[in-house]
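Below is my_file.txt, which holds compact mmCIF, C-alpha atoms.
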# COMPACT_ATOMS: atom_id res chain seq x y z
CA MET A 1 104.64 100.73 143.98
CA SER A 2 104.51 99.44 147.51
CA ASP A 3 101.22 99.62 149.43
CA PRO A 4 97.96 99.71 147.54
CA LEU A 5 96.91 103.27 147.00
CA VAL A 6 93.55 104.54 148.02
CA SER A 7 93.38 107.80 146.16
CA TYR A 8 95.07 110.62 144.29
CA ARG A 9 94.58 114.12 145.68
CA LEU A 10 93.55 116.82 143.25
CA ASN A 11 94.09 119.82 145.55
CA GLY A 12 91.00 121.62 144.34
CA ILE A 13 92.10 121.82 140.72
CA LEU A 14 88.71 120.59 139.57
CA PRO A 15 86.14 122.62 141.55
CA LEU A 16 83.42 120.01 141.16
CA ASP A 17 81.60 117.86 143.69
CA ASP A 18 83.37 114.55 144.33
CA PHE A 19 86.57 115.66 142.64
CA GLU A 20 88.67 116.45 145.72
CA GLU A 21 90.48 113.22 145.04
CA MET A 22 90.26 110.36 142.62
CA ALA A 23 90.28 106.72 143.64
CA ALA A 24 93.29 104.68 142.54
CA SER A 25 92.64 102.90 139.20
CA THR A 26 90.44 105.72 137.92
CA ASN A 27 90.65 106.83 134.31
CA LEU A 28 89.55 110.41 133.73
CA LEU A 29 88.80 111.84 130.29
CA LEU A 30 89.15 115.56 129.66
CA VAL A 31 87.15 116.49 126.59
CA GLY A 32 86.66 119.86 124.91
CA GLU A 33 87.22 121.88 121.77
CA ASP A 34 90.43 123.60 122.87
CA ILE A 35 93.31 121.11 122.97
CA GLU A 36 95.63 123.63 124.63
CA ALA A 37 93.13 124.10 127.44
CA LEU A 38 92.92 120.33 127.86
CA ARG A 39 96.70 120.07 127.98
CA ALA A 40 97.02 122.86 130.52
CA LEU A 41 94.48 121.26 132.81
CA GLY A 42 95.84 117.74 132.26
CA VAL A 43 99.39 118.75 133.13
CA HIS A 44 98.13 120.56 136.21
CA ILE A 45 96.27 117.48 137.43
CA VAL A 46 99.28 115.20 137.09
CA SER A 47 101.83 117.73 138.40
CA VAL A 48 100.30 118.00 141.86
CA GLY A 49 101.13 114.34 142.49
CA VAL A 50 104.79 115.18 142.98
CA VAL A 51 104.22 116.50 146.51
CA ASP A 52 102.69 113.15 147.44
CA ASP A 53 105.77 111.26 146.15
CA GLU A 54 103.95 110.03 143.09
CA GLY A 55 105.54 109.38 139.72
CA ILE A 56 104.34 111.24 136.63
CA LEU A 57 104.33 109.67 133.18
CA ILE A 58 103.42 111.70 130.10
CA VAL A 59 102.63 109.72 126.95
CA SER A 60 102.79 112.26 124.18
CA MET A 61 102.14 111.98 120.47
CA GLU A 62 102.59 115.65 119.78
CA ASP A 63 105.29 118.26 119.33
CA ALA A 64 103.64 119.93 122.31
CA ILE A 65 105.66 117.70 124.61
CA GLU A 66 108.41 120.24 125.30
CA GLY A 67 105.93 122.86 126.46
CA MET A 68 104.22 120.31 128.65
CA VAL A 69 107.49 119.39 130.32
CA ASP A 70 108.20 123.07 131.04
CA ARG A 71 104.77 123.53 132.46
CA TYR A 72 105.08 120.39 134.54
CA SER A 73 108.35 121.55 136.02
CA GLU A 74 106.85 124.96 136.85
CA LEU A 75 103.67 123.62 138.45
CA SER A 76 105.15 120.67 140.33
CA GLY A 77 108.21 122.43 141.72
CA ASP A 78 110.22 119.47 140.34
CA ALA A 79 112.71 121.70 138.51
CA ASP A 80 115.00 118.84 137.49
CA CYS A 81 112.08 116.64 136.45
CA THR A 82 113.23 113.76 138.67
CA SER A 83 109.70 112.44 139.15
CA LEU A 84 108.82 112.75 135.47
CA SER A 85 109.09 110.18 132.69
CA LEU A 86 108.07 110.47 129.06
CA ILE A 87 107.03 108.11 126.34
CA ASN A 88 107.49 110.23 123.25
CA CYS A 89 105.50 108.79 120.36
CA SER A 90 105.68 111.90 118.20
CA GLY A 91 108.39 110.31 116.09
CA GLU A 92 110.67 113.26 116.67
CA SER A 93 113.08 114.02 119.43
CA THR A 94 111.45 117.17 120.66
CA VAL A 95 112.69 116.98 124.23
CA THR A 96 115.79 119.04 124.84
CA ARG A 97 115.93 118.45 128.57
CA ASP A 98 118.53 116.08 129.85
CA LEU A 99 116.51 113.06 130.97
CA GLY A 100 117.98 109.71 132.00
CA ASP A 101 117.53 106.46 130.05
CA ASP A 102 114.96 105.37 132.59
CA GLN A 103 112.98 108.55 132.02
CA LEU A 104 112.58 108.79 128.27
CA TRP A 105 111.22 106.24 125.82
CA MET A 106 111.02 106.95 122.11
CA VAL A 107 108.35 105.30 119.97
CA ASP A 108 108.60 105.98 116.25
CA SER A 109 104.93 106.76 115.58
CA PRO A 110 101.60 107.03 117.40
CA GLY A 111 100.51 103.93 115.48
CA SER A 112 103.35 101.77 116.91
CA LEU A 113 101.10 100.39 119.60
CA THR A 114 103.22 97.40 120.58
CA ASP A 115 106.29 99.57 121.16
CA LEU A 116 104.17 101.94 123.19
CA GLY A 117 102.87 99.05 125.31
CA ILE A 118 106.37 97.66 125.90
CA SER A 119 107.65 101.11 126.85
CA PHE A 120 104.83 101.38 129.35
CA ILE A 121 105.69 98.02 130.94
CA GLU A 122 109.34 99.01 131.11
CA TYR A 123 108.33 102.21 132.84
CA GLU A 124 106.40 100.16 135.38
CA ASP A 125 109.39 97.90 136.00
CA GLN A 126 112.07 100.52 136.11
CA ARG A 127 110.38 103.59 137.55
CA ALA A 128 106.89 103.05 138.92
CA VAL A 129 108.23 100.91 141.77
CA GLU A 130 110.03 103.95 143.19
CA PHE A 131 106.86 105.95 143.76
CA ASP A 132 103.74 105.90 145.92
CA GLY A 133 101.50 105.82 142.87
CA VAL A 134 101.69 107.03 139.28
CA ARG A 135 99.67 109.57 137.30
CA VAL A 136 99.66 108.99 133.55
CA LEU A 137 98.77 111.78 131.13
CA PHE A 138 97.86 110.59 127.65
CA ASP A 139 98.04 113.25 124.90
CA SER A 140 95.93 112.42 123.00
CA ILE A 141 93.16 110.12 121.80
CA THR A 142 92.64 112.59 118.96
CA THR A 143 96.16 111.98 117.62
CA LEU A 144 95.69 108.25 118.02
CA LEU A 145 92.54 108.51 115.90
CA ALA A 146 94.46 110.35 113.20
CA HIS A 147 96.77 107.34 112.87
CA LEU A 148 94.41 104.41 113.39
CA GLU A 149 90.98 103.23 112.38
CA GLU A 150 88.44 104.13 115.02
CA GLU A 151 87.78 100.55 116.02
CA ARG A 152 91.46 99.84 116.61
CA ALA A 153 91.96 103.05 118.56
CA PHE A 154 88.98 102.09 120.68
CA GLU A 155 90.35 98.62 121.41
CA PHE A 156 93.76 100.03 122.23
CA VAL A 157 92.41 102.65 124.62
CA ASP A 158 90.23 100.00 126.25
CA ALA A 159 93.24 97.70 126.80
CA PHE A 160 95.33 100.56 128.14
CA LEU A 161 92.62 101.74 130.53
CA GLY A 162 92.50 98.22 131.94
CA ARG A 163 96.23 98.20 132.47
CA ILE A 164 96.18 101.56 134.27
CA ALA A 165 93.39 100.28 136.50
CA THR A 166 95.19 97.02 137.30
CA SER A 167 98.30 98.97 138.19
CA GLN A 168 96.32 101.28 140.48
CA MET A 169 97.44 104.36 138.63
CA LEU A 170 95.45 107.49 137.79
CA GLY A 171 94.93 107.94 134.05
CA VAL A 172 94.22 111.36 132.58
CA TRP A 173 93.33 111.29 128.90
CA LEU A 174 92.71 114.12 126.42
CA LEU A 175 90.25 114.18 123.53
CA ASP A 176 89.77 117.17 121.23
CA ALA A 177 86.06 117.22 120.45
CA SER A 178 86.51 119.70 117.60
CA ALA A 179 88.73 117.29 115.65
CA ASN A 180 86.49 114.24 115.85
CA GLU A 181 82.93 113.35 114.92
CA GLU A 182 80.47 113.73 117.75
CA SER A 183 79.56 110.05 117.54
CA THR A 184 83.24 109.13 117.93
CA VAL A 185 83.61 111.41 120.93
CA ARG A 186 80.52 109.87 122.56
CA THR A 187 81.82 106.37 121.89
CA PHE A 188 85.11 107.05 123.63
CA MET A 189 83.44 108.81 126.53
CA GLU A 190 81.67 105.54 127.31
CA LEU A 191 84.98 103.88 128.15
CA PHE A 192 85.90 106.18 131.03
CA ASP A 193 85.14 106.15 134.75
CA GLU A 194 84.86 109.93 134.79
CA VAL A 195 84.45 112.48 132.02
CA VAL A 196 85.02 116.19 132.54
CA GLU A 197 84.16 118.68 129.81
CA VAL A 198 86.47 121.65 129.49
CA GLN A 199 85.94 124.98 127.73
CA ARG A 200 87.84 128.24 127.58
CA VAL A 201 85.94 131.45 128.24
CA GLY A 202 88.18 134.47 127.84
CA GLU A 203 91.13 133.97 130.15
CA HIS A 204 89.45 131.28 132.20
CA LEU A 205 88.77 127.61 131.90
CA GLU A 206 85.39 126.20 132.82
CA VAL A 207 84.60 122.60 133.63
CA ARG A 208 81.63 120.39 134.24
CA ARG A 209 81.24 116.73 134.95
CA TYR A 210 79.65 114.89 132.07
CA ASP A 211 76.62 112.97 133.17
CA VAL A 212 74.28 111.43 130.65
CA SER A 213 71.27 112.29 132.83
CA THR A 214 72.10 116.00 132.99
CA PRO A 215 73.76 116.81 129.67
CA ASP A 216 73.31 120.55 130.14
CA ALA A 217 74.68 120.96 133.65
CA SER A 218 76.12 124.36 134.45
CA TRP A 219 79.82 125.17 134.11
CA THR A 220 82.19 126.00 136.97
CA THR A 221 85.15 128.32 136.56
CA VAL A 222 88.55 126.78 137.31
CA GLY A 223 90.63 128.89 139.70
CA SER A 224 93.60 130.69 138.19
CA ASP A 225 96.54 128.32 138.13
CA MET B 1 120.71 92.05 118.42
CA SER B 2 123.04 91.58 115.46
CA ASP B 3 122.51 92.44 111.81
CA SER B 4 121.24 88.98 110.91
CA ASP B 5 118.16 89.47 113.19
CA LEU B 6 119.00 86.19 114.91
CA PRO B 7 119.89 86.51 118.58
CA ALA B 8 123.67 86.48 119.05
CA VAL B 9 125.20 83.86 121.34
CA LEU B 10 128.84 83.94 122.41
CA ILE B 11 130.38 80.65 123.60
CA VAL B 12 133.50 80.93 125.72
CA ASP B 13 135.51 77.79 126.51
CA ASP B 14 139.17 76.84 126.49
CA GLU B 15 138.30 73.46 125.00
CA PRO B 16 137.95 73.67 121.18
CA SER B 17 135.88 70.47 120.98
CA ILE B 18 133.24 71.98 123.31
CA LEU B 19 133.06 75.08 121.14
CA GLU B 20 132.57 72.90 118.08
CA VAL B 21 129.76 70.86 119.61
CA PHE B 22 127.91 73.90 120.95
CA GLU B 23 128.35 75.79 117.70
CA HIS B 24 127.02 72.86 115.73
CA TRP B 25 123.98 72.66 118.03
CA LEU B 26 123.21 76.34 117.93
CA GLU B 27 124.23 77.66 114.52
CA ASP B 28 120.83 77.17 112.85
CA ASP B 29 118.94 79.26 115.39
CA TYR B 30 121.45 81.86 116.52
CA GLU B 31 124.30 83.92 115.26
CA VAL B 32 127.10 82.07 117.05
CA TYR B 33 130.43 83.57 118.11
CA THR B 34 133.16 81.55 119.81
CA ALA B 35 136.10 82.52 122.00
CA LEU B 36 138.85 80.25 123.35
CA GLY B 37 139.45 82.44 126.37
CA GLY B 38 138.48 85.51 128.37
CA GLU B 39 140.48 87.99 126.32
CA ASP B 40 138.92 86.95 123.00
CA ALA B 41 135.51 87.02 124.66
CA MET B 42 135.94 90.57 125.94
CA ALA B 43 137.12 91.69 122.50
CA LEU B 44 134.00 90.20 120.86
CA LEU B 45 131.73 91.81 123.46
CA GLU B 46 133.22 95.17 122.54
CA THR B 47 132.59 94.81 118.81
CA GLU B 48 129.46 92.62 118.57
CA ASP B 49 126.00 93.05 120.00
CA ILE B 50 125.83 89.83 122.03
CA ASP B 51 122.55 88.72 123.63
CA VAL B 52 123.66 85.64 125.55
CA VAL B 53 127.07 84.46 126.75
CA LEU B 54 127.73 80.81 127.62
CA LEU B 55 130.74 81.13 129.86
CA ASP B 56 132.99 78.29 130.99
CA ARG B 57 133.80 78.87 134.62
CA ARG B 58 137.14 77.08 134.81
CA MET B 59 139.57 78.35 132.21
CA PRO B 60 143.33 78.75 132.51
CA GLY B 61 144.45 82.35 132.95
CA PHE B 62 141.40 84.56 132.68
CA SER B 63 138.72 82.54 134.56
CA GLY B 64 135.01 82.61 133.91
CA ASP B 65 134.43 84.35 137.22
CA GLU B 66 136.81 87.13 136.21
CA VAL B 67 135.21 87.49 132.78
CA LEU B 68 131.79 87.72 134.41
CA LYS B 69 133.01 90.39 136.81
CA LEU B 70 134.41 92.40 133.95
CA ILE B 71 131.20 92.05 131.89
CA LYS B 72 129.23 93.51 134.80
CA GLU B 73 131.76 96.27 135.48
CA LEU B 74 131.75 97.35 131.86
CA GLY B 75 127.96 97.32 131.85
CA HIS B 76 127.45 94.97 128.89
CA GLU B 77 123.74 94.32 128.44
CA CYS B 78 124.05 90.59 127.79
CA GLN B 79 122.67 87.66 129.75
CA VAL B 80 125.31 85.29 131.09
CA ALA B 81 124.98 81.56 131.69
CA MET B 82 127.86 80.04 133.62
CA VAL B 83 128.82 76.59 132.26
CA THR B 84 130.81 74.32 134.52
CA ALA B 85 131.58 70.78 135.58
CA VAL B 86 132.26 72.05 139.09
CA GLU B 87 129.32 71.78 141.41
CA PRO B 88 128.06 75.21 142.34
CA ASN B 89 128.50 76.37 145.88
CA LEU B 90 127.31 79.20 148.05
CA ASP B 91 129.71 81.67 146.46
CA ILE B 92 127.38 81.81 143.44
CA ILE B 93 125.01 84.11 145.30
CA GLU B 94 127.50 86.93 145.09
CA MET B 95 128.10 86.44 141.39
CA GLY B 96 126.12 88.31 138.78
CA PHE B 97 125.25 85.56 136.34
CA ASP B 98 121.75 84.88 135.10
CA ALA B 99 121.72 81.08 134.76
CA TYR B 100 123.84 78.08 135.56
CA ILE B 101 124.49 75.12 133.25
CA VAL B 102 126.14 71.98 134.58
CA LYS B 103 128.39 70.13 132.11
CA PRO B 104 127.72 68.22 130.05
CA PRO B 105 124.47 69.90 129.01
CA THR B 106 121.97 68.20 126.74
CA TYR B 107 120.96 69.84 123.49
CA ASP B 108 117.44 70.48 124.77
CA GLY B 109 118.65 71.82 128.10
CA LEU B 110 121.04 74.23 126.45
CA LYS B 111 118.41 75.50 124.02
CA ALA B 112 115.87 75.93 126.83
CA THR B 113 118.34 77.92 128.93
CA ILE B 114 119.20 80.22 126.03
CA GLU B 115 115.54 80.79 125.18
CA ASN B 116 114.75 81.49 128.81
CA LEU B 117 117.56 84.06 128.97
CA LEU B 118 116.37 85.70 125.75
CA ASP B 119 112.86 86.01 127.19
CA ARG B 120 114.26 87.60 130.31
CA ARG B 121 115.83 90.47 128.40
CA GLU B 122 112.33 91.88 127.96
CA TYR B 123 111.95 92.36 131.69
CA PRO B 124 114.59 94.65 133.07
CA GLY B 125 115.02 95.97 136.57
CA HIS B 126 113.48 94.20 139.50
CA ARG B 127 111.91 91.48 137.46
CA ARG B 128 115.24 90.52 136.00
CA GLU B 129 116.78 90.41 139.45
CA TYR B 130 113.87 88.31 140.65
CA TRP B 131 114.35 85.70 137.95
CA SER B 132 118.06 85.67 138.41
CA LEU B 133 117.74 85.05 142.17
CA LEU B 134 115.14 82.36 141.63
CA SER B 135 117.46 80.36 139.40
CA LYS B 136 120.21 80.67 142.01
CA ARG B 137 117.84 79.41 144.64
CA PHE B 138 116.93 76.34 142.59
CA VAL B 139 120.59 75.53 141.93
CA LEU B 140 121.43 75.75 145.63
CA GLU B 141 118.46 73.67 146.68
CA GLU B 142 119.50 70.98 144.26
CA GLN B 143 123.14 70.93 145.26
CA LEU B 144 123.13 71.41 149.02
CA THR B 145 121.67 69.30 151.81
CA ARG B 146 118.82 70.63 153.90
CA THR B 147 121.11 71.14 156.89
CA GLU B 148 123.62 73.06 154.80
CA LEU B 149 120.83 75.29 153.52
CA GLU B 150 119.42 75.88 156.97
CA ASN B 151 122.80 76.90 158.31
CA SER B 152 123.57 79.24 155.46
CA GLU B 153 123.09 82.95 156.10
CA GLU B 154 123.56 83.65 152.41
CA TYR B 155 120.75 81.28 151.50
CA HIS B 156 118.40 82.96 153.98
CA ALA B 157 119.38 86.38 152.68
CA LEU B 158 118.58 85.14 149.19
CA LEU B 159 115.14 83.93 150.29
CA ASP B 160 114.45 87.26 152.00
CA ARG B 161 115.39 89.21 148.89
CA ILE B 162 113.21 86.98 146.71
CA GLU B 163 110.30 87.52 149.05
CA ALA B 164 110.88 91.28 149.07
CA LEU B 165 110.93 91.32 145.29
CA GLU B 166 107.75 89.26 145.10
CA THR B 167 106.00 91.82 147.27
CA LEU B 168 107.47 94.64 145.24
CA LEU B 169 106.39 93.12 141.97
CA GLY B 170 102.98 92.23 143.38
CA GLN B 171 102.50 88.51 142.81
CA ALA B 172 105.28 88.40 140.26
CA LYS B 173 104.10 85.35 138.40
CA GLU B 174 100.57 86.54 137.87
CA ARG B 175 101.97 89.86 136.86
CA MET B 176 104.27 88.40 134.25
CA ALA B 177 101.34 86.60 132.71
CA GLU B 178 99.42 89.88 132.73
CA ASP B 179 102.28 91.65 130.95
CA THR B 180 102.37 88.99 128.28
CA ASP B 181 98.60 89.18 127.81
CA PHE B 182 98.65 92.97 127.66
CA ILE B 183 101.38 93.07 125.02
CA SER B 184 99.83 90.31 122.91
CA THR B 185 96.45 92.05 123.03
CA ILE B 186 98.04 95.28 121.85
CA ARG B 187 100.07 93.51 119.21
CA ASP B 188 96.88 91.91 117.86
CA ILE B 189 95.17 95.31 117.77
CA GLU B 190 98.13 96.82 115.93
CA ARG B 191 98.11 93.99 113.41
CA GLY B 192 94.35 94.26 112.99
CA ASN B 193 93.63 90.69 114.14
Exercise: express the given structure as structure tokens:
Amino acid sequence: MSDPLVSYRLNGILPLDDFEEMAASTNLLLVGEDIEALRALGVHIVSVGVVDDEGILIVSMEDAIEGMVDRYSELSGDADCTSLSLINCSGESTVTRDLGDDQLWMVDSPGSLTDLGISFIEYEDQRAVEFDGVRVLFDSITTLLAHLEEERAFEFVDAFLGRIATSQMLGVWLLDASANEESTVRTFMELFDEVVEVQRVGEHLEVRRYDVSTPDASWTTVGSD
Amino acid sequence: MSDSDLPAVLIVDDEPSILEVFEHWLEDDYEVYTALGGEDAMALLETEDIDVVLLDRRMPGFSGDEVLKLIKELGHECQVAMVTAVEPNLDIIEMGFDAYIVKPPTYDGLKATIENLLDRREYPGHRREYWSLLSKRFVLEEQLTRTELENSEEYHALLDRIEALETLLGQAKERMAEDTDFISTIRDIERGN
């Protein structure tokens, strides 16, 4: 990346106060009980960076990766996925799109943390330099917790958040609250600069900013995407 | 990397006694391959997964420069150290090698160069180019007089490119240390330390 970035525009995706844009180096956690809703919103947030010449990196531990790539390509208008890179930690080759060597990294399991870290550094060297900023979508902390002891997952996420901040990227992380103990969810929430709770109501998604002082703030409907 | 898990080093020299000495020095720590000329070297690069090539620059027939050119054209992913008794000159800027060893090397110097090249494999792209240009700069500064350097357009172009890469990489040295710290932290977490 060339000049230091000031912020990442969100184009009104999150209709909350102070969420028009996010400062560079911010890590945002999307938390809720519907992982598909979290994915949909997460992909939307990273996809809009393409118009600002930003790079998009999806770190996926799930078979859901193919659907996310399709959705990315639809929402960003980047039909050939030239601004997209993937670190696929699902252990399976579930990406059928033709992506270049500098766009796809395979890691054999979500627990292979060192390989994941090296892939990330390679992405920074080979790809991030081409863009005016990078948005990273991490799917998901829940899968990480299924493969690692909580303490290790916590340390790993903490180290990774630091790296994203140092590199002036925008990190968007997903955590499925229905799959983890409430105490675990609360612990992870502490690590993030911003936490947005997400719920599905009928056809719509609703969001609210998590703030420890107003735990029962009202929900805002997300515009149809 | 080869089957033995040791990094593979290919030594190319038309002088059998040099091959013997180098092989003797290196065989405990690396999987060593030897070639008496460019053709043998290219054949080995096709069949073996070579990490580092120590390439004699002056060989009869197929010269080191030609072998290097071919390695780059064919896209082999190895690091190349040019070994020569000939003092390097400005033409080295145009060549795609990664390090330069002046004959006769010492055991320690040779080992250090190989280890340095092996470390570099971890950092592809701009960082690799940065390191490669830095070593060229140091060679030139050692071999040429100040006036020669000042009058050389190539040398100034090299300095400009290094500076551009430093900006691009954002304080490259600090950054490399950060990378190493980041990966060791994660490795410790993975190992449960």
Specify as an mmCIF file with C-alpha atoms, in the coordinates of the input all residues of chain B found within 6 Å of chain A, counting only C-alpha atoms.
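Output below, filename iface_16.cif:
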data_model
loop_
_atom_site.group_PDB
_atom_site.id
_atom_site.type_symbol
_atom_site.label_atom_id
_atom_site.label_comp_id
_atom_site.auth_asym_id
_atom_site.auth_seq_id
_atom_site.Cartn_x
_atom_site.Cartn_y
_atom_site.Cartn_z
ATOM 1 C CA GLY B 125 115.020 95.970 136.570
ATOM 2 C CA ILE B 186 98.040 95.280 121.850
ATOM 3 C CA ARG B 187 100.070 93.510 119.210
ATOM 4 C CA ILE B 189 95.170 95.310 117.770
ATOM 5 C CA GLU B 190 98.130 96.820 115.930
#
Checklist entry - Suppose you want the space between CA of Leu174 in chain A and CA of Ile141 in chain A; what is it in Å? => result 6.1 Å
Next on the checklist: Please report the interatomic distance between CA of Leu175 in chain A and CA of Val46 in chain A in Å with one decimal.
Outcome noted: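 If I compute the distance from CA of Leu175 in chain A to CA of Val46 in chain A, I get 16.3 Å.
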Checklist entry - Could you tell me, as a PyMOL selection string, which residues have any atom at most 12 Å from (139.0, 84.7, 134.2), counting all atoms listed in the file? => result chain B and resi 12-14+36-42+55-71
Selection from above, C-alpha atoms, as a compact mmCIF listing (two decimals), keeping the file's coordinate frame, can you write it?
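Generated file (part00.txt):
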# COMPACT_ATOMS: atom_id res chain seq x y z
CA VAL B 12 133.50 80.93 125.72
CA ASP B 13 135.51 77.79 126.51
CA ASP B 14 139.17 76.84 126.49
CA LEU B 36 138.85 80.25 123.35
CA GLY B 37 139.45 82.44 126.37
CA GLY B 38 138.48 85.51 128.37
CA GLU B 39 140.48 87.99 126.32
CA ASP B 40 138.92 86.95 123.00
CA ALA B 41 135.51 87.02 124.66
CA MET B 42 135.94 90.57 125.94
CA LEU B 55 130.74 81.13 129.86
CA ASP B 56 132.99 78.29 130.99
CA ARG B 57 133.80 78.87 134.62
CA ARG B 58 137.14 77.08 134.81
CA MET B 59 139.57 78.35 132.21
CA PRO B 60 143.33 78.75 132.51
CA GLY B 61 144.45 82.35 132.95
CA PHE B 62 141.40 84.56 132.68
CA SER B 63 138.72 82.54 134.56
CA GLY B 64 135.01 82.61 133.91
CA ASP B 65 134.43 84.35 137.22
CA GLU B 66 136.81 87.13 136.21
CA VAL B 67 135.21 87.49 132.78
CA LEU B 68 131.79 87.72 134.41
CA LYS B 69 133.01 90.39 136.81
CA LEU B 70 134.41 92.40 133.95
CA ILE B 71 131.20 92.05 131.89
Next on the checklist: Residues within 12 Å of Asp160 in chain B, please, as number ranges by chain. Count all atoms listed in the file; anything in the same chain fewer than 5 positions from it doesn't count.
Outcome noted: B: 130, 133-134, 137, 153-155, 165-167
Include C-alpha atoms and write out the residues we just selected as an mmCIF file, in the coordinates of the input.
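Result saved to part-v5.cif:
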data_model
loop_
_atom_site.group_PDB
_atom_site.id
_atom_site.type_symbol
_atom_site.label_atom_id
_atom_site.label_comp_id
_atom_site.auth_asym_id
_atom_site.auth_seq_id
_atom_site.Cartn_x
_atom_site.Cartn_y
_atom_site.Cartn_z
ATOM 1 C CA TYR B 130 113.870 88.310 140.650
ATOM 2 C CA LEU B 133 117.740 85.050 142.170
ATOM 3 C CA LEU B 134 115.140 82.360 141.630
ATOM 4 C CA ARG B 137 117.840 79.410 144.640
ATOM 5 C CA GLU B 153 123.090 82.950 156.100
ATOM 6 C CA GLU B 154 123.560 83.650 152.410
ATOM 7 C CA TYR B 155 120.750 81.280 151.500
ATOM 8 C CA LEU B 165 110.930 91.320 145.290
ATOM 9 C CA GLU B 166 107.750 89.260 145.100
ATOM 10 C CA THR B 167 106.000 91.820 147.270
#
